[in-house]
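> Below is the file run-v6.txt, which contains compact mmCIF, C-alpha atoms.
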# COMPACT_ATOMS: atom_id res chain seq x y z
CA MET V 1237 -56.69 23.49 61.87
CA LYS V 1238 -55.26 22.20 58.60
CA PRO V 1239 -56.03 18.58 57.68
CA LEU V 1240 -53.01 16.29 57.91
CA ILE V 1241 -51.76 15.62 54.39
CA ARG V 1242 -48.63 13.53 54.04
CA GLN V 1243 -45.98 15.49 52.17
CA GLY V 1244 -42.23 15.61 51.75
CA ALA V 1245 -39.63 17.91 53.27
CA ARG V 1246 -36.58 19.35 51.56
CA ILE V 1247 -33.74 21.75 52.32
CA ILE V 1248 -33.92 24.78 50.03
CA SER V 1249 -31.17 26.97 51.50
CA THR V 1250 -28.33 27.13 54.02
CA GLY V 1251 -26.43 29.90 55.81
CA SER V 1252 -23.83 30.31 58.54
CA ALA V 1253 -22.07 32.89 60.68
CA ILE V 1254 -18.87 33.00 62.71
CA PRO V 1255 -17.49 35.67 65.05
CA ASP V 1256 -14.59 37.85 63.92
CA SER V 1257 -12.31 36.97 66.85
CA THR V 1258 -9.95 34.03 66.19
CA VAL V 1259 -8.04 32.25 68.97
CA ASN V 1260 -5.35 29.79 67.92
CA ASN V 1261 -3.67 27.06 69.93
CA ASN V 1262 -0.58 29.12 70.66
CA GLN V 1263 -2.76 31.73 72.33
CA ILE V 1264 -4.45 29.02 74.40
CA SER V 1265 -1.00 27.79 75.50
CA GLN V 1266 -0.43 31.17 77.13
CA ILE V 1267 -3.34 30.46 79.49
CA VAL V 1268 -2.95 26.75 80.30
CA ASP V 1269 -0.14 24.19 80.10
CA THR V 1270 -0.53 22.96 76.54
CA SER V 1271 0.83 23.43 73.02
CA ASP V 1272 -0.33 23.56 69.43
CA GLU V 1273 1.12 20.09 68.79
CA TRP V 1274 -0.62 18.62 71.85
CA ILE V 1275 -4.04 20.06 70.94
CA VAL V 1276 -3.87 19.15 67.24
CA SER V 1277 -2.71 15.59 67.93
CA ARG V 1278 -5.55 14.94 70.38
CA THR V 1279 -8.40 16.90 68.82
CA GLY V 1280 -7.54 18.07 65.30
CA ILE V 1281 -8.39 21.64 66.31
CA LYS V 1282 -6.04 24.44 65.25
CA GLU V 1283 -8.15 27.48 66.08
CA ARG V 1284 -11.63 28.54 67.11
CA ARG V 1285 -13.86 31.64 66.91
CA LEU V 1286 -15.06 33.44 70.02
CA LEU V 1287 -17.99 35.82 70.37
CA THR V 1288 -16.61 38.98 71.95
CA GLY V 1289 -17.98 42.41 72.74
CA VAL V 1290 -20.52 43.73 75.21
CA ASN V 1291 -24.06 42.33 74.92
CA LYS V 1292 -23.21 40.09 71.98
CA SER V 1293 -25.12 36.82 72.01
CA ILE V 1294 -26.11 33.81 69.95
CA ILE V 1295 -28.94 35.89 68.46
CA ASP V 1296 -26.42 38.10 66.65
CA LEU V 1297 -24.86 35.03 65.03
CA ALA V 1298 -28.19 33.30 64.41
CA ALA V 1299 -29.63 36.36 62.68
CA VAL V 1300 -26.69 36.66 60.28
CA ALA V 1301 -26.86 32.95 59.39
CA SER V 1302 -30.63 33.12 58.90
CA LEU V 1303 -30.56 36.24 56.72
CA LYS V 1304 -27.84 34.67 54.54
CA ALA V 1305 -30.03 31.61 53.99
CA LEU V 1306 -33.03 33.79 53.14
CA LYS V 1307 -31.01 35.99 50.78
CA LYS V 1308 -29.72 33.01 48.77
CA ILE V 1309 -33.25 32.13 47.67
CA THR V 1310 -34.70 35.67 47.77
CA MET V 1311 -37.25 34.62 50.39
CA ASN V 1312 -39.14 37.22 52.40
CA PRO V 1313 -38.83 36.51 56.15
CA LEU V 1314 -42.62 36.86 56.38
CA GLN V 1315 -42.89 33.57 54.45
CA ILE V 1316 -41.34 31.64 57.37
CA ASP V 1317 -44.01 29.75 59.33
CA LEU V 1318 -41.87 28.35 62.14
CA ILE V 1319 -38.45 29.01 63.67
CA ILE V 1320 -36.71 26.32 65.72
CA LEU V 1321 -33.58 27.58 67.48
CA ALA V 1322 -31.33 24.76 68.67
CA THR V 1323 -29.12 26.14 71.43
CA SER V 1324 -27.78 25.38 74.88
CA THR V 1325 -26.50 28.91 75.44
CA PRO V 1326 -29.56 31.18 75.21
CA ASN V 1327 -29.25 34.78 76.33
CA ASP V 1328 -32.60 34.35 78.09
CA LEU V 1329 -33.55 31.20 80.00
CA PHE V 1330 -37.16 31.76 78.97
CA GLY V 1331 -36.05 31.27 75.38
CA SER V 1332 -34.25 33.22 72.66
CA ALA V 1333 -36.06 32.15 69.49
CA SER V 1334 -38.57 34.99 69.75
CA GLN V 1335 -35.69 37.46 69.69
CA LEU V 1336 -34.44 35.87 66.48
CA GLN V 1337 -37.93 36.09 64.98
CA ALA V 1338 -38.05 39.83 65.68
CA LYS V 1339 -34.45 40.51 64.59
CA ILE V 1340 -34.94 39.03 61.11
CA GLY V 1341 -38.50 40.29 60.70
CA ALA V 1342 -40.18 36.87 60.47
CA TYR V 1343 -43.29 38.14 62.22
CA ASN V 1344 -45.60 35.43 60.89
CA ALA V 1345 -43.51 32.65 62.40
CA VAL V 1346 -44.05 30.72 65.59
CA ALA V 1347 -40.67 30.46 67.35
CA PHE V 1348 -39.28 28.24 70.09
CA ASP V 1349 -35.97 27.00 71.48
CA LEU V 1350 -34.87 23.37 71.44
CA THR V 1351 -32.15 22.32 73.87
CA ALA V 1352 -30.19 19.14 73.21
CA ALA V 1353 -26.60 20.44 73.16
CA CYS V 1354 -24.52 18.98 70.33
CA SER V 1355 -27.44 16.85 69.14
CA GLY V 1356 -29.71 19.88 69.03
CA PHE V 1357 -29.56 20.55 65.31
CA VAL V 1358 -30.40 16.94 64.45
CA LEU V 1359 -33.40 16.94 66.79
CA ALA V 1360 -34.51 20.31 65.43
CA MET V 1361 -34.30 19.02 61.85
CA VAL V 1362 -36.37 15.96 62.74
CA THR V 1363 -38.93 18.13 64.54
CA ALA V 1364 -39.18 20.47 61.55
CA SER V 1365 -39.57 17.60 59.11
CA GLN V 1366 -42.53 16.27 61.07
CA PHE V 1367 -44.38 19.59 60.81
CA LEU V 1368 -43.67 19.71 57.07
CA GLN V 1369 -44.42 16.09 56.25
CA ASN V 1370 -47.71 16.28 58.13
CA GLY V 1371 -48.74 19.35 56.15
CA ILE V 1372 -48.88 21.74 59.11
CA TYR V 1373 -46.34 24.30 57.86
CA ASN V 1374 -44.75 25.14 54.51
CA ASN V 1375 -41.48 26.94 55.39
CA ILE V 1376 -39.40 26.33 58.50
CA LEU V 1377 -36.16 27.99 59.57
CA VAL V 1378 -33.93 25.71 61.67
CA VAL V 1379 -30.95 27.36 63.34
CA GLY V 1380 -28.16 25.91 65.46
CA SER V 1381 -26.39 28.65 67.40
CA ASP V 1382 -24.14 28.38 70.43
CA ALA V 1383 -21.57 30.44 72.31
CA LEU V 1384 -20.01 27.92 74.67
CA SER V 1385 -17.03 30.24 75.19
CA LYS V 1386 -19.26 32.03 77.70
CA TRP V 1387 -19.38 28.85 79.80
CA ILE V 1388 -15.75 27.74 79.66
CA ASN V 1389 -13.45 27.54 82.66
CA TRP V 1390 -10.33 28.92 80.98
CA SER V 1391 -8.09 27.23 83.55
CA ASP V 1392 -9.47 23.77 82.64
CA ARG V 1393 -7.19 22.42 79.93
CA SER V 1394 -9.49 19.49 79.17
CA THR V 1395 -12.33 21.73 77.97
CA CYS V 1396 -11.03 25.21 77.13
CA ILE V 1397 -9.17 23.90 74.06
CA LEU V 1398 -12.28 22.35 72.52
CA PHE V 1399 -15.07 24.85 72.09
CA GLY V 1400 -15.87 27.74 69.78
CA ASP V 1401 -18.85 29.90 68.84
CA ALA V 1402 -20.87 29.92 65.61
CA ALA V 1403 -24.30 29.63 64.00
CA GLY V 1404 -25.71 27.69 61.07
CA ALA V 1405 -29.13 27.80 59.47
CA VAL V 1406 -31.20 25.80 57.01
CA ILE V 1407 -34.58 26.56 55.49
CA LEU V 1408 -36.80 23.53 54.96
CA GLN V 1409 -39.87 23.54 52.77
CA SER V 1410 -42.77 21.17 52.22
CA CYS V 1411 -42.77 19.41 48.85
CA LEU V 1412 -44.35 16.53 46.98
CA ASP V 1413 -43.72 13.20 48.67
CA GLN V 1414 -41.63 11.97 45.73
CA GLU V 1415 -39.33 14.99 46.17
CA ASN V 1416 -38.77 14.29 49.87
CA GLU V 1417 -35.15 14.69 51.05
CA ILE V 1418 -35.48 13.51 54.66
CA LEU V 1419 -35.42 9.76 54.07
CA GLY V 1420 -35.33 8.65 57.70
CA PHE V 1421 -34.03 9.31 61.18
CA GLN V 1422 -33.05 7.57 64.40
CA LEU V 1423 -32.87 9.25 67.83
CA ASN V 1424 -31.66 8.14 71.27
CA THR V 1425 -31.18 9.39 74.83
CA ASP V 1426 -29.55 7.83 77.87
CA GLY V 1427 -29.91 10.05 80.92
CA ASN V 1428 -27.92 7.68 83.11
CA TYR V 1429 -24.76 9.31 81.79
CA CYS V 1430 -25.87 12.95 81.91
CA ASN V 1431 -22.98 13.89 84.21
CA HIS V 1432 -20.39 13.01 81.58
CA LEU V 1433 -21.01 16.35 79.85
CA SER V 1434 -22.90 19.12 81.57
CA ILE V 1435 -23.29 22.74 82.61
CA SER V 1436 -24.94 22.07 85.94
CA TYR V 1437 -26.92 24.37 88.21
CA LYS V 1438 -25.83 24.66 91.84
CA ASP V 1439 -27.72 26.19 94.75
CA LYS V 1440 -25.60 28.66 96.68
CA ILE V 1441 -27.53 31.01 98.92
CA HIS V 1442 -30.41 30.26 101.25
CA THR V 1443 -32.47 33.37 100.48
CA ASN V 1444 -35.79 32.71 102.14
CA PRO V 1445 -35.79 31.02 105.57
CA ILE V 1446 -39.59 30.88 105.64
CA PHE V 1447 -40.08 29.07 102.36
CA LYS V 1448 -36.56 27.59 102.36
CA SER V 1449 -35.91 28.71 98.79
CA TYR V 1450 -32.44 28.95 97.31
CA GLN V 1451 -30.71 30.93 94.62
CA GLY V 1452 -27.74 29.67 92.68
CA SER V 1453 -26.01 29.77 89.33
CA PHE V 1454 -24.90 27.59 86.45
CA GLN V 1455 -21.38 26.22 86.53
CA SER V 1456 -18.75 25.98 83.79
CA ILE V 1457 -18.65 23.13 81.29
CA ALA V 1458 -17.69 19.82 82.91
CA MET V 1459 -16.76 16.83 80.77
CA ASN V 1460 -15.47 13.31 81.23
CA GLY V 1461 -13.58 13.17 77.95
CA LYS V 1462 -12.75 9.46 78.00
CA GLU V 1463 -16.34 8.44 78.62
CA VAL V 1464 -17.72 10.82 75.98
CA TYR V 1465 -15.24 9.42 73.45
CA LYS V 1466 -16.24 5.82 74.25
CA PHE V 1467 -19.91 6.74 74.03
CA ALA V 1468 -19.53 8.45 70.66
CA VAL V 1469 -17.47 5.79 68.90
CA SER V 1470 -19.74 2.98 70.13
CA LYS V 1471 -23.25 4.49 69.88
CA VAL V 1472 -23.01 6.71 66.80
CA PRO V 1473 -22.08 3.95 64.31
CA LEU V 1474 -24.91 1.78 65.67
CA SER V 1475 -27.38 4.64 65.24
CA ILE V 1476 -26.24 5.22 61.67
CA LEU V 1477 -26.41 1.52 60.76
CA GLU V 1478 -29.86 1.14 62.29
CA CYS V 1479 -31.10 4.10 60.26
CA LEU V 1480 -29.49 2.87 57.03
CA ASN V 1481 -30.82 -0.66 57.52
CA SER V 1482 -34.36 0.63 58.02
CA LEU V 1483 -34.08 2.31 54.60
CA ASN V 1484 -32.29 -0.60 52.90
CA ILE V 1485 -29.34 1.68 52.15
CA SER V 1486 -25.75 0.41 52.24
CA THR V 1487 -22.77 2.39 53.50
CA ASN V 1488 -21.41 1.92 49.97
CA ASP V 1489 -24.25 4.14 48.74
CA ILE V 1490 -23.22 7.05 50.96
CA ASP V 1491 -21.63 10.10 49.34
CA TRP V 1492 -20.97 12.17 52.47
CA LEU V 1493 -20.67 11.60 56.21
CA LEU V 1494 -21.39 14.75 58.21
CA LEU V 1495 -20.89 14.24 61.94
CA HIS V 1496 -21.03 16.68 64.82
CA GLN V 1497 -17.60 18.32 64.80
CA ALA V 1498 -16.42 17.26 68.26
CA ASN V 1499 -13.00 15.69 67.84
CA GLU V 1500 -11.04 14.49 64.80
CA ARG V 1501 -10.33 11.14 66.44
CA ILE V 1502 -14.07 10.56 66.92
CA LEU V 1503 -14.83 11.48 63.30
CA ASN V 1504 -12.20 9.08 61.97
CA ALA V 1505 -13.16 6.28 64.38
CA VAL V 1506 -16.83 6.45 63.36
CA ALA V 1507 -15.93 6.48 59.66
CA ASN V 1508 -13.61 3.48 60.15
CA LYS V 1509 -16.29 1.49 61.98
CA LEU V 1510 -18.68 2.11 59.11
CA SER V 1511 -16.00 1.32 56.49
CA ILE V 1512 -16.60 4.75 54.96
CA ASN V 1513 -13.54 6.31 53.33
CA SER V 1514 -12.21 9.37 55.15
CA ASN V 1515 -12.44 11.40 51.93
CA LYS V 1516 -16.23 11.27 52.37
CA LEU V 1517 -16.00 13.00 55.76
CA ILE V 1518 -17.16 16.61 55.81
CA SER V 1519 -15.06 18.41 58.40
CA ASN V 1520 -14.11 21.96 59.33
CA LEU V 1521 -13.22 21.16 62.93
CA HIS V 1522 -9.67 22.46 62.55
CA LYS V 1523 -10.97 26.00 61.93
CA TYR V 1524 -13.78 26.29 64.45
CA GLY V 1525 -13.50 23.64 67.16
CA ASN V 1526 -16.64 22.19 68.70
CA THR V 1527 -19.45 24.69 68.12
CA SER V 1528 -22.16 22.46 69.62
CA ALA V 1529 -25.54 22.80 67.85
CA ALA V 1530 -23.95 25.03 65.19
CA SER V 1531 -21.31 22.54 64.06
CA ILE V 1532 -23.39 20.48 61.60
CA PRO V 1533 -25.21 23.35 59.82
CA LEU V 1534 -21.97 25.36 59.69
CA ALA V 1535 -20.11 22.47 58.03
CA LEU V 1536 -23.08 21.79 55.74
CA ASP V 1537 -23.24 25.38 54.55
CA GLU V 1538 -19.49 25.46 53.84
CA ALA V 1539 -19.67 22.18 51.92
CA VAL V 1540 -22.55 23.52 49.81
CA GLU V 1541 -20.73 26.79 49.16
CA GLU V 1542 -17.61 24.89 48.10
CA GLY V 1543 -19.64 22.82 45.64
CA LYS V 1544 -18.87 19.52 47.35
CA ILE V 1545 -22.46 18.37 47.72
CA LEU V 1546 -24.18 17.62 44.43
CA LYS V 1547 -27.77 16.89 43.44
CA ASP V 1548 -28.90 13.37 44.45
CA ASP V 1549 -25.98 12.87 46.86
CA THR V 1550 -26.88 10.73 49.87
CA ILE V 1551 -25.71 12.27 53.15
CA ILE V 1552 -25.51 10.85 56.67
CA ILE V 1553 -25.95 13.56 59.31
CA SER V 1554 -25.32 12.46 62.88
CA GLY V 1555 -25.15 14.45 66.12
CA PHE V 1556 -24.13 13.37 69.61
CA GLY V 1557 -23.47 15.00 72.93
CA ALA V 1558 -24.77 16.01 76.33
CA GLY V 1559 -27.78 14.25 77.73
CA LEU V 1560 -26.38 11.91 76.62
CA THR V 1561 -28.18 12.19 73.30
CA TRP V 1562 -27.43 11.03 69.79
CA GLY V 1563 -29.26 10.79 66.50
CA THR V 1564 -29.01 10.32 62.76
CA ILE V 1565 -30.76 11.70 59.68
CA ILE V 1566 -30.33 10.35 56.16
CA ILE V 1567 -30.78 12.95 53.41
CA LYS V 1568 -31.06 12.68 49.65
CA TRP V 1569 -29.83 16.09 48.50
CA LYS V 1570 -32.19 17.68 45.96
CA CYS V 1571 -31.16 21.32 46.20
CA ALA V 1572 -29.65 22.36 42.86
As a first step, turn the structure in this file into structure tokens.

Amino acid sequence: MKPLIRQGARIISTGSAIPDSTVNNNQISQIVDTSDEWIVSRTGIKERRLLTGVNKSIIDLAAVASLKALKKITMNPLQIDLIILATSTPNDLFGSASQLQAKIGAYNAVAFDLTAACSGFVLAMVTASQFLQNGIYNNILVVGSDALSKWINWSDRSTCILFGDAAGAVILQSCLDQENEILGFQLNTDGNYCNHLSISYKDKIHTNPIFKSYQGSFQSIAMNGKEVYKFAVSKVPLSILECLNSLNISTNDIDWLLLHQANERILNAVANKLSINSNKLISNLHKYGNTSAASIPLALDEAVEEGKILKDDTIIISGFGAGLTWGTIIIKWKCA
């Protein structure tokens, strides 16, 4: 076992992937009683991407995003020590990260899934940073990949308009402590409200009268939209402020606010509560909808590709969702 040596952690590359199939609001209105105007006014979403085709899964998207991130820095997949796959839609309940490891050829990496829905990427980033800062690993691939379209009830107007499929990846690397990018984090869970957003399992058939065992299946996405909205706009700003205060950083020092891309009204409400100008919001919600664990790394990769994020920018990253879970990371961007 390696001795624990306190180090820093930094992001050295990003990547993302989206499916080819685009579904706009007018197409959704052919399925349920809604309209483009109604959806945009309530969510900010104009279209979303759906993973289609036989046997296509989150691993296909995750592999593309990961290989893009590796290619940008000419890194051999064999240099990856650990893969953390944040997903709530695995194609194998025993875990899908090992499939990703094999698909990209990262055979030296340990790989595991992390399930925390729309907060998954934030929790995966924090987990990765601990391994790096404690000197256990040198290079970690963190991927958020979800295909919630596979779990949508397309007759439920309250949920079918919201979700899309995508993947985003970041590669984190250990560094000198003075080069550390992950300044701090703050995480929370409140299981008392788990029913507000869930894909629940239901027993259906009594299959074994001797042992009284049951077999069932997972249901479609169920969400109490009003309660989730209230939760997000009340808890997320508090999480961000607590994290900033612990680092003696003011909201005036923030260059970018990157929130989980759930709903435009939530993004604006959180920014307003923090007195952060809306022009500091990173958002691509209108193009992709809510892509769960993929939403933050997807938006981050696009912002980097567009040249928005510059060296030494201070970024708030905050995720929130099912569990209910929420969390914040503060990053000082060092990647040139």
> Atom CA of V:Ile1502 and atom CA of V:Ala1530, how far apart in Å?
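Separation of atom CA of V:Ala1530 and atom CA of V:Ile1502: 17.6 Å.
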> Report, in Å to a single decimal, how far apart atom CA of V:Thr1323 and atom CA of V:Gly1452 are.
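Spanning atom CA of V:Gly1452 to atom CA of V:Thr1323 is a straight-line distance of 21.6 Å.
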> What does the structure give for the distance between atom CA of V:Gly1525 and atom CA of V:Asp1382, in Å to one decimal?
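Atom CA of V:Asp1382 lies 12.1 Å from atom CA of V:Gly1525.
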> May I have the residues within 8 Å of V:Val1259 as a ChimeraX atom specification, using all atoms listed in the file and disregarding those fewer than 4 positions away in the same chain?
/V:1263-1264,1283-1286
> Wanna dump the stretch 1361-1465 of chain V-stretch 1561-1572 of chain V contacts at 10 Å for me, each residue with its shortest atom pair and the distance in Å to one decimal, counting only C-alpha atoms, ordered by chain and number, as a Markdown table?

| residue | atom | partner | partner_atom | distance |
| --- | --- | --- | --- | --- |
| V:Met1361 | CA | V:Ile1565 | CA | 8.4 |
| V:Val1362 | CA | V:Ile1565 | CA | 7.7 |
| V:Glu1415 | CA | V:Lys1570 | CA | 7.6 |
| V:Asn1416 | CA | V:Lys1568 | CA | 7.9 |
| V:Glu1417 | CA | V:Lys1568 | CA | 4.8 |
| V:Ile1418 | CA | V:Ile1567 | CA | 4.9 |
| V:Leu1419 | CA | V:Ile1566 | CA | 5.5 |
| V:Gly1420 | CA | V:Ile1566 | CA | 5.5 |
| V:Phe1421 | CA | V:Ile1565 | CA | 4.3 |
| V:Gln1422 | CA | V:Thr1564 | CA | 5.2 |
| V:Leu1423 | CA | V:Gly1563 | CA | 4.1 |
| V:Asn1424 | CA | V:Trp1562 | CA | 5.3 |
| V:Thr1425 | CA | V:Thr1561 | CA | 4.4 |
| V:Asp1426 | CA | V:Thr1561 | CA | 6.5 |
| V:Gly1427 | CA | V:Thr1561 | CA | 8.1 |
| V:Tyr1429 | CA | V:Thr1561 | CA | 9.6 |
| V:Cys1430 | CA | V:Thr1561 | CA | 8.9 |
> Give me, as a ChimeraX atom specification, all polymer residues having an atom no more than 9 Å from V:Asn1344, counting only C-alpha atoms and skipping those fewer than 3 positions away in the same chain.
/V:1313-1318,1337,1341
> Residues near V:Leu1493, anyone? I mean within 8 Å using all atoms listed in the file, not counting same-chain ones fewer than 6 positions away, as an mmCIF file with C-alpha atoms, in the coordinates of the input.

data_model
loop_
_atom_site.group_PDB
_atom_site.id
_atom_site.type_symbol
_atom_site.label_atom_id
_atom_site.label_comp_id
_atom_site.auth_asym_id
_atom_site.auth_seq_id
_atom_site.Cartn_x
_atom_site.Cartn_y
_atom_site.Cartn_z
ATOM 1 C CA ALA V 1507 -15.930 6.480 59.660
ATOM 2 C CA LYS V 1516 -16.230 11.270 52.370
ATOM 3 C CA LEU V 1517 -16.000 13.000 55.760
ATOM 4 C CA ILE V 1518 -17.160 16.610 55.810
ATOM 5 C CA ILE V 1551 -25.710 12.270 53.150
ATOM 6 C CA ILE V 1552 -25.510 10.850 56.670
ATOM 7 C CA ILE V 1553 -25.950 13.560 59.310
#
> Which is closest to V:Ala1458 among V:Ala1403, V:Cys1396, V:Leu1321, V:Ile1490, if we use all atoms listed in the file?
V:Cys1396
> List the spatial neighbours of V:Val1406 as a PyMOL selection string - criterion: any atom at most 12 Å away, all atoms listed in the file, same-chain residues fewer than 6 positions off excluded.
chain V and resi 1246-1252+1298+1301-1309+1316+1319-1322+1357-1358+1360-1361+1364-1365+1375-1381+1530+1532-1537+1540+1571
> Which residue, V:Ile1340, V:Ile1457, V:Leu1546, V:Met1311, has the smallest gap to V:Tyr1437 when you use only C-alpha atoms?
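Ranking V:Ile1340, V:Ile1457, V:Leu1546, V:Met1311 by distance to V:Tyr1437, first place goes to V:Ile1457.
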> Find, counting only C-alpha atoms, the residue in V:Leu1474, V:Ile1388, V:Leu1480, V:Ala1338 that gets nearest to V:Thr1325.
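Under the stated criterion, the closest residue is V:Ile1388.
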> Report, as JSON, the axis-aligned box around all atoms of stretch 1302-1309 of chain V present in the file, extended by 8 Å on each side; give centre and edge lengths in Å to one decimal place.

{"center_x": -30.5, "center_y": 33.9, "center_z": 53.3, "size_x": 21.4, "size_y": 20.6, "size_z": 27.2}
> Rank nothing, just name the residue among V:Ala1352, V:Ile1281, V:Ala1498, V:Met1459 nearest to V:Asp1392, using only C-alpha atoms.
V:Met1459
> Name the residues in contact with V:Tyr1524 at a cut-off of 9 Å, using all atoms listed in the file, excluding same-chain residues fewer than 2 positions from it; report them as a list of chain:residue names.
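Contacts, with the query itself left out: V:Ile1254, V:Thr1258, V:Ile1281, V:Lys1282, V:Glu1283, V:Arg1284, V:Arg1285, V:Phe1399, V:Gly1400, V:Asp1401, V:Ala1402, V:Gln1497, V:Asn1520, V:Leu1521, V:His1522, V:Asn1526, V:Thr1527, V:Ser1531.
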